[in-house]
Amino acid sequence: MSLKGKRILIAKPGLDGHDVGAKVIALALRDAGADVIYTGLRKSSEYIAKVAVDEDVDVVGLSMLSGSHMELVNETMRCLEAYDAGDIKVFVGGTIPEKDREALLKAGVCGVYTSEMPLEEVLSAIERQLS
Amino acid sequence: MTRLDPIARRALGRTLSRLATASVAESVSQDPGPAPMPFETARIGFTGAPGAGKSTLISRLAKRRLAVCRERGGVAVIGIDPTSPLSGGSILGDRIRMDNVANESDLYIRSLSSRASHDGLTDNIADLLNAVESYGFREILLETVGVGQAEHAVRHAVDTLVMVLQPNAGDAIQAMKSGILELADIYVINKADLTGAARTAAEVRGIVQHHRGEGKWLPPVIKVARDRPEDITALDNAVSDHLDWSSRWRDSAEILRLRRRYHVQSLIARRVLEVLSDRPELLEEVSVRDSYLRTVQALTKDRHLLSETRENPPDGKK
């Protein structure tokens, strides 16, 4: 399995202050061969979209534990559109209740990867999305 | 603000990705346009050991440089981090230290991995810098991979080179004496609120003065502490002074010649890597001499390959 040559932004939107999960994913993606950029905590959707565009990433991973994932996803999508970057894919991870999965996919995210999923499964899902 | 509107950011981002990953054949076959003249965009490089504080220093300085450059094209920051030799992946972490300027509208920050380069820079850095220049930025701040003693390549990529050191790096400084420590235009003793900064500054000053040539620029040694904005002012002024000095005294033709030399040299070095990994049988000759000659022979075949690619431009892969 390889993500060689892929550029991935791991972002923490919203107000929760825990990024262990985000960092675990970032390191796993690097070990799979990707160039990984991490935003740090508590970034606005506007900021995340700007970084995604400046860095020309293939996909943005939003790590969210705060419960406001619906709003943050919609906002980030809107900001990406404003940058003419609607083609940059978005996946979400963190604490996402199963009942919201459908709505998130409908909103346009390419995958929902919760902390219960084995890491290998997450990586191969991301690789499938990017191939 | 036209240059850095969202659409231009998107276009620049994509251009840089394409250039950064181009193979040697792709890089040589593209039409580069005219080489930018030195001094139209100032190129300022920052180098130093890992953890010396390069990214944080750049972010503090970028704010000042923006104040001067805002009406004249803005500032671009290029940060390079190492590619893992095991996985080929990387964590591009320079930008996380640049939070204080990340929302500035006339600033563009781009993180790159070093890829096949082992000289503190990245593949195709010459093309990347030229592309950023073509977007009209007034200044480019280039951060190298954290380097040791012998990565001199950045010298030819930039107009002003800032070497970032830490207090009590005494042994390291001794070791660098005849290396990159002779090459920088400005020395920063960063984290100068730590003890030992004054002594380190004195040591560096001694070495720098020792190497100074007649009529040459005397590199200033500047202590920069976390809580002293006046230190950043001193650095800011030193950078401006050196850029003025360079545009007055340095020969543009010579700068272009050195840039060209580095560019050609790094293309050939990388082409050798490409050939050796594509054709492992070249290393199975009886003697080193035969391996060497066959490799050189393989390289000369590129002549035909390149004239073909020019007629059929490659679309992404070699």
# chains A, B, ... in the order shown; residues from 1 in each chain; ligands from 1

call {"tool": "interface_residues", "arguments": {"of": "chain A", "to": "chain B", "cutoff": "8 Å", "atoms": "only C-alpha atoms", "output": "PyMOL selection string"}}
result
chain A and resi 4-5+26-27+29-40+47+53-56+82-85

call {"tool": "select_by_dssp", "arguments": {"residues": "chain A", "states": "alpha helix (DSSP H)", "output": "CSV table (one decimal) with C-alpha atoms, in the first residue's frame"}}
result
chain,number,residue,atom,x,y,z
A,20,VAL,CA,-3.8,12.7,19.6
A,21,GLY,CA,-5.9,11.1,17.0
A,22,ALA,CA,-5.0,13.7,14.3
A,23,LYS,CA,-1.3,13.1,15.0
A,24,VAL,CA,-1.6,9.3,14.9
A,25,ILE,CA,-3.3,9.6,11.5
A,26,ALA,CA,-0.7,12.1,10.3
A,27,LEU,CA,2.2,9.8,11.2
A,28,ALA,CA,0.5,6.7,9.7
A,29,LEU,CA,-0.1,8.6,6.5
A,30,ARG,CA,3.6,9.7,6.4
A,31,ASP,CA,4.6,6.1,6.9
A,45,SER,CA,-12.8,26.7,8.1
A,46,GLU,CA,-11.5,29.7,6.1
A,47,TYR,CA,-8.0,29.1,7.3
A,48,ILE,CA,-8.1,25.4,6.6
A,49,ALA,CA,-9.3,26.1,3.0
A,50,LYS,CA,-6.6,28.6,2.4
A,51,VAL,CA,-3.9,26.2,3.6
A,52,ALA,CA,-5.4,23.4,1.5
A,53,VAL,CA,-5.2,25.6,-1.5
A,54,ASP,CA,-1.7,27.1,-0.9
A,69,HIS,CA,-19.0,18.2,12.7
A,70,MET,CA,-22.0,18.9,10.4
A,71,GLU,CA,-21.6,22.7,10.6
A,72,LEU,CA,-17.8,22.5,10.3
A,73,VAL,CA,-17.9,20.2,7.3
A,74,ASN,CA,-20.4,22.4,5.5
A,75,GLU,CA,-18.4,25.5,6.2
A,76,THR,CA,-15.1,24.0,5.0
A,77,MET,CA,-16.8,22.8,1.8
A,78,ARG,CA,-18.1,26.3,1.2
A,79,CYS,CA,-14.7,27.9,1.8
A,80,LEU,CA,-13.0,25.4,-0.6
A,81,GLU,CA,-15.6,26.3,-3.3
A,82,ALA,CA,-14.7,30.0,-2.8
A,101,ARG,CA,-22.5,9.2,8.7
A,102,GLU,CA,-25.1,9.3,5.9
A,103,ALA,CA,-25.6,13.1,6.2
A,104,LEU,CA,-21.9,13.7,6.1
A,105,LEU,CA,-21.4,11.6,3.0
A,106,LYS,CA,-24.4,13.4,1.4
A,107,ALA,CA,-22.7,16.7,2.3
A,119,LEU,CA,-5.7,2.1,11.2
A,120,GLU,CA,-4.9,-0.2,8.3
A,121,GLU,CA,-8.5,0.0,7.2
A,122,VAL,CA,-8.5,3.8,7.4
A,123,LEU,CA,-5.3,4.0,5.3
A,124,SER,CA,-6.5,1.6,2.6
A,125,ALA,CA,-9.8,3.5,2.4
A,126,ILE,CA,-7.9,6.8,1.9
A,127,GLU,CA,-5.7,5.2,-0.7
A,128,ARG,CA,-8.8,4.0,-2.6
A,129,GLN,CA,-10.2,7.5,-2.5
A,130,LEU,CA,-7.0,9.0,-3.9

call {"tool": "residues_around", "arguments": {"residues": "Arg205 (chain B)", "least_positions_apart": "3", "cutoff": "8 Å", "atoms": "only C-alpha atoms", "output": "number ranges by chain"}}
result
B: 201-202, 208-209, 220-221

call {"tool": "write_last_selection", "arguments": {"atoms": "N, CA and C atoms", "output": "tab-separated table (two decimals), in the first residue's frame"}}
result
chain	number	residue	atom	x	y	z
B	201	ALA	N	28.01	34.41	20.27
B	201	ALA	CA	28.07	35.52	19.31
B	201	ALA	C	29.51	35.97	19.11
B	202	ALA	N	30.27	36.05	20.21
B	202	ALA	CA	31.68	36.49	20.10
B	202	ALA	C	32.49	35.50	19.28
B	208	VAL	N	33.96	34.96	11.59
B	208	VAL	CA	33.48	35.73	10.44
B	208	VAL	C	34.49	36.80	10.04
B	209	GLN	N	35.06	37.49	11.04
B	209	GLN	CA	36.02	38.54	10.74
B	209	GLN	C	37.28	37.96	10.13
B	220	PRO	N	27.02	40.67	9.74
B	220	PRO	CA	26.69	41.00	11.13
B	220	PRO	C	26.27	39.75	11.90
B	221	VAL	N	26.52	39.74	13.19
B	221	VAL	CA	26.09	38.65	14.07
B	221	VAL	C	25.04	39.24	15.01

call {"tool": "select_by_dssp", "arguments": {"residues": "region 129-286 of chain B", "states": "strand (DSSP E)", "output": "compact mmCIF listing (two decimals) with N, CA and C atoms, in the first residue's frame"}}
result
# COMPACT_ATOMS: atom_id res chain seq x y z
N GLU B 139 9.38 39.37 -2.32
CA GLU B 139 10.44 38.63 -1.63
C GLU B 139 10.05 37.17 -1.46
N ILE B 140 11.06 36.31 -1.47
CA ILE B 140 10.86 34.89 -1.14
C ILE B 140 11.74 34.56 0.05
N LEU B 141 11.15 34.00 1.09
CA LEU B 141 11.92 33.53 2.24
C LEU B 141 11.98 32.00 2.12
N LEU B 142 13.19 31.47 2.00
CA LEU B 142 13.38 30.04 1.76
C LEU B 142 14.01 29.39 2.98
N GLU B 143 13.31 28.41 3.55
CA GLU B 143 13.86 27.69 4.71
C GLU B 143 14.37 26.34 4.27
N THR B 160 20.49 36.56 -0.23
CA THR B 160 20.95 36.82 1.13
C THR B 160 20.76 35.54 1.94
N LEU B 161 21.83 35.09 2.58
CA LEU B 161 21.74 33.84 3.35
C LEU B 161 21.90 34.13 4.84
N VAL B 162 20.88 33.73 5.61
CA VAL B 162 20.90 33.91 7.05
C VAL B 162 21.18 32.55 7.70
N MET B 163 22.21 32.49 8.52
CA MET B 163 22.53 31.24 9.22
C MET B 163 22.01 31.36 10.65
N VAL B 164 21.18 30.41 11.07
CA VAL B 164 20.56 30.47 12.39
C VAL B 164 21.28 29.50 13.33
N LEU B 165 21.86 30.04 14.41
CA LEU B 165 22.59 29.23 15.38
C LEU B 165 21.95 29.36 16.75
N ILE B 186 24.49 36.83 7.01
CA ILE B 186 24.03 37.31 8.31
C ILE B 186 23.98 36.10 9.25
N TYR B 187 24.48 36.27 10.47
CA TYR B 187 24.40 35.20 11.46
C TYR B 187 23.45 35.61 12.57
N VAL B 188 22.53 34.71 12.91
CA VAL B 188 21.61 34.96 14.01
C VAL B 188 21.94 33.99 15.13
N ILE B 189 22.18 34.53 16.33
CA ILE B 189 22.26 33.67 17.50
C ILE B 189 20.86 33.69 18.09
N ASN B 190 20.11 32.64 17.77
CA ASN B 190 18.70 32.60 18.15
C ASN B 190 18.58 32.14 19.61
N VAL B 221 26.52 39.74 13.19
CA VAL B 221 26.09 38.65 14.07
C VAL B 221 25.04 39.24 15.01
N ILE B 222 23.81 38.73 14.93
CA ILE B 222 22.69 39.36 15.63
C ILE B 222 22.08 38.37 16.63
N LYS B 223 22.00 38.81 17.88
CA LYS B 223 21.34 37.97 18.89
C LYS B 223 19.84 38.24 18.86
N VAL B 224 19.06 37.17 18.80
CA VAL B 224 17.61 37.34 18.76
C VAL B 224 16.98 36.57 19.92

call {"tool": "atom_distance", "arguments": {"atom1": "CA of Arg138 (chain B)", "atom2": "CA of Ser59 (chain B)"}}
result
16.3 Å

call {"tool": "residues_around", "arguments": {"residues": "Arg260 (chain B)", "least_positions_apart": "4", "cutoff": "12 Å", "atoms": "only C-alpha atoms", "output": "compact mmCIF listing (two decimals) with C-alpha atoms, in the first residue's frame"}}
result
# COMPACT_ATOMS: atom_id res chain seq x y z
CA ALA B 35 15.30 33.47 -16.51
CA PRO B 36 14.26 36.10 -13.95
CA ILE B 125 14.19 24.12 -6.52
CA ALA B 126 15.42 26.39 -9.34
CA ASP B 127 12.18 25.95 -11.29
CA HIS B 156 23.57 29.73 -4.94
CA ALA B 157 19.79 29.65 -4.66
CA ALA B 253 25.72 38.01 -14.77
CA GLU B 254 27.82 36.18 -12.20
CA ILE B 255 24.73 35.41 -10.08
CA LEU B 256 22.92 34.02 -13.11
CA VAL B 264 22.52 21.93 -14.32
CA GLN B 265 24.58 20.17 -11.69
CA SER B 266 21.52 19.12 -9.68
CA LEU B 267 19.67 17.92 -12.79

call {"tool": "atom_distance", "arguments": {"atom1": "CA of Asp31 (chain B)", "atom2": "CA of Leu273 (chain B)"}}
result
23.6 Å

call {"tool": "residues_around", "arguments": {"residues": "Leu107 (chain B)", "least_positions_apart": "3", "cutoff": "8 Å", "atoms": "only C-alpha atoms", "output": "list in words"}}
result
Leu66, Gly74, Val75, Ala76, Val77, Val101, Ala102, Asn103 and Glu104 of chain B

call {"tool": "write_last_selection", "arguments": {"atoms": "C-alpha atoms", "output": "mmCIF file, in the first residue's frame"}}
result
data_model
loop_
_atom_site.group_PDB
_atom_site.id
_atom_site.type_symbol
_atom_site.label_atom_id
_atom_site.label_comp_id
_atom_site.auth_asym_id
_atom_site.auth_seq_id
_atom_site.Cartn_x
_atom_site.Cartn_y
_atom_site.Cartn_z
ATOM 1 C CA LEU B 66 5.319 42.259 4.626
ATOM 2 C CA GLY B 74 3.765 40.397 -1.097
ATOM 3 C CA VAL B 75 5.984 37.727 0.419
ATOM 4 C CA ALA B 76 6.249 33.992 -0.266
ATOM 5 C CA VAL B 77 7.672 31.506 2.233
ATOM 6 C CA VAL B 101 1.385 35.441 10.047
ATOM 7 C CA ALA B 102 -0.717 32.695 8.505
ATOM 8 C CA ASN B 103 -3.751 34.943 8.115
ATOM 9 C CA GLU B 104 -1.906 37.729 6.305
#

call {"tool": "closest_residue", "arguments": {"among": "B:Ala42, B:Leu19, B:Ile207, B:Leu218", "to": "Gly73 (chain B)", "atoms": "only C-alpha atoms"}}
result
B:Ala42

call {"tool": "atom_distance", "arguments": {"atom1": "CA of Val60 (chain A)", "atom2": "CA of Ile8 (chain A)"}}
result
6.0 Å

call {"tool": "closest_residue", "arguments": {"among": "B:Ala169, B:Ala192, B:Ala131, B:Val147", "to": "Ser114 (chain B)", "atoms": "only C-alpha atoms"}}
result
B:Val147

call {"tool": "closest_residue", "arguments": {"among": "B:Lys63, B:Ala298, B:Arg43, B:Asn124", "to": "Ser27 (chain B)", "atoms": "only C-alpha atoms"}}
result
B:Asn124
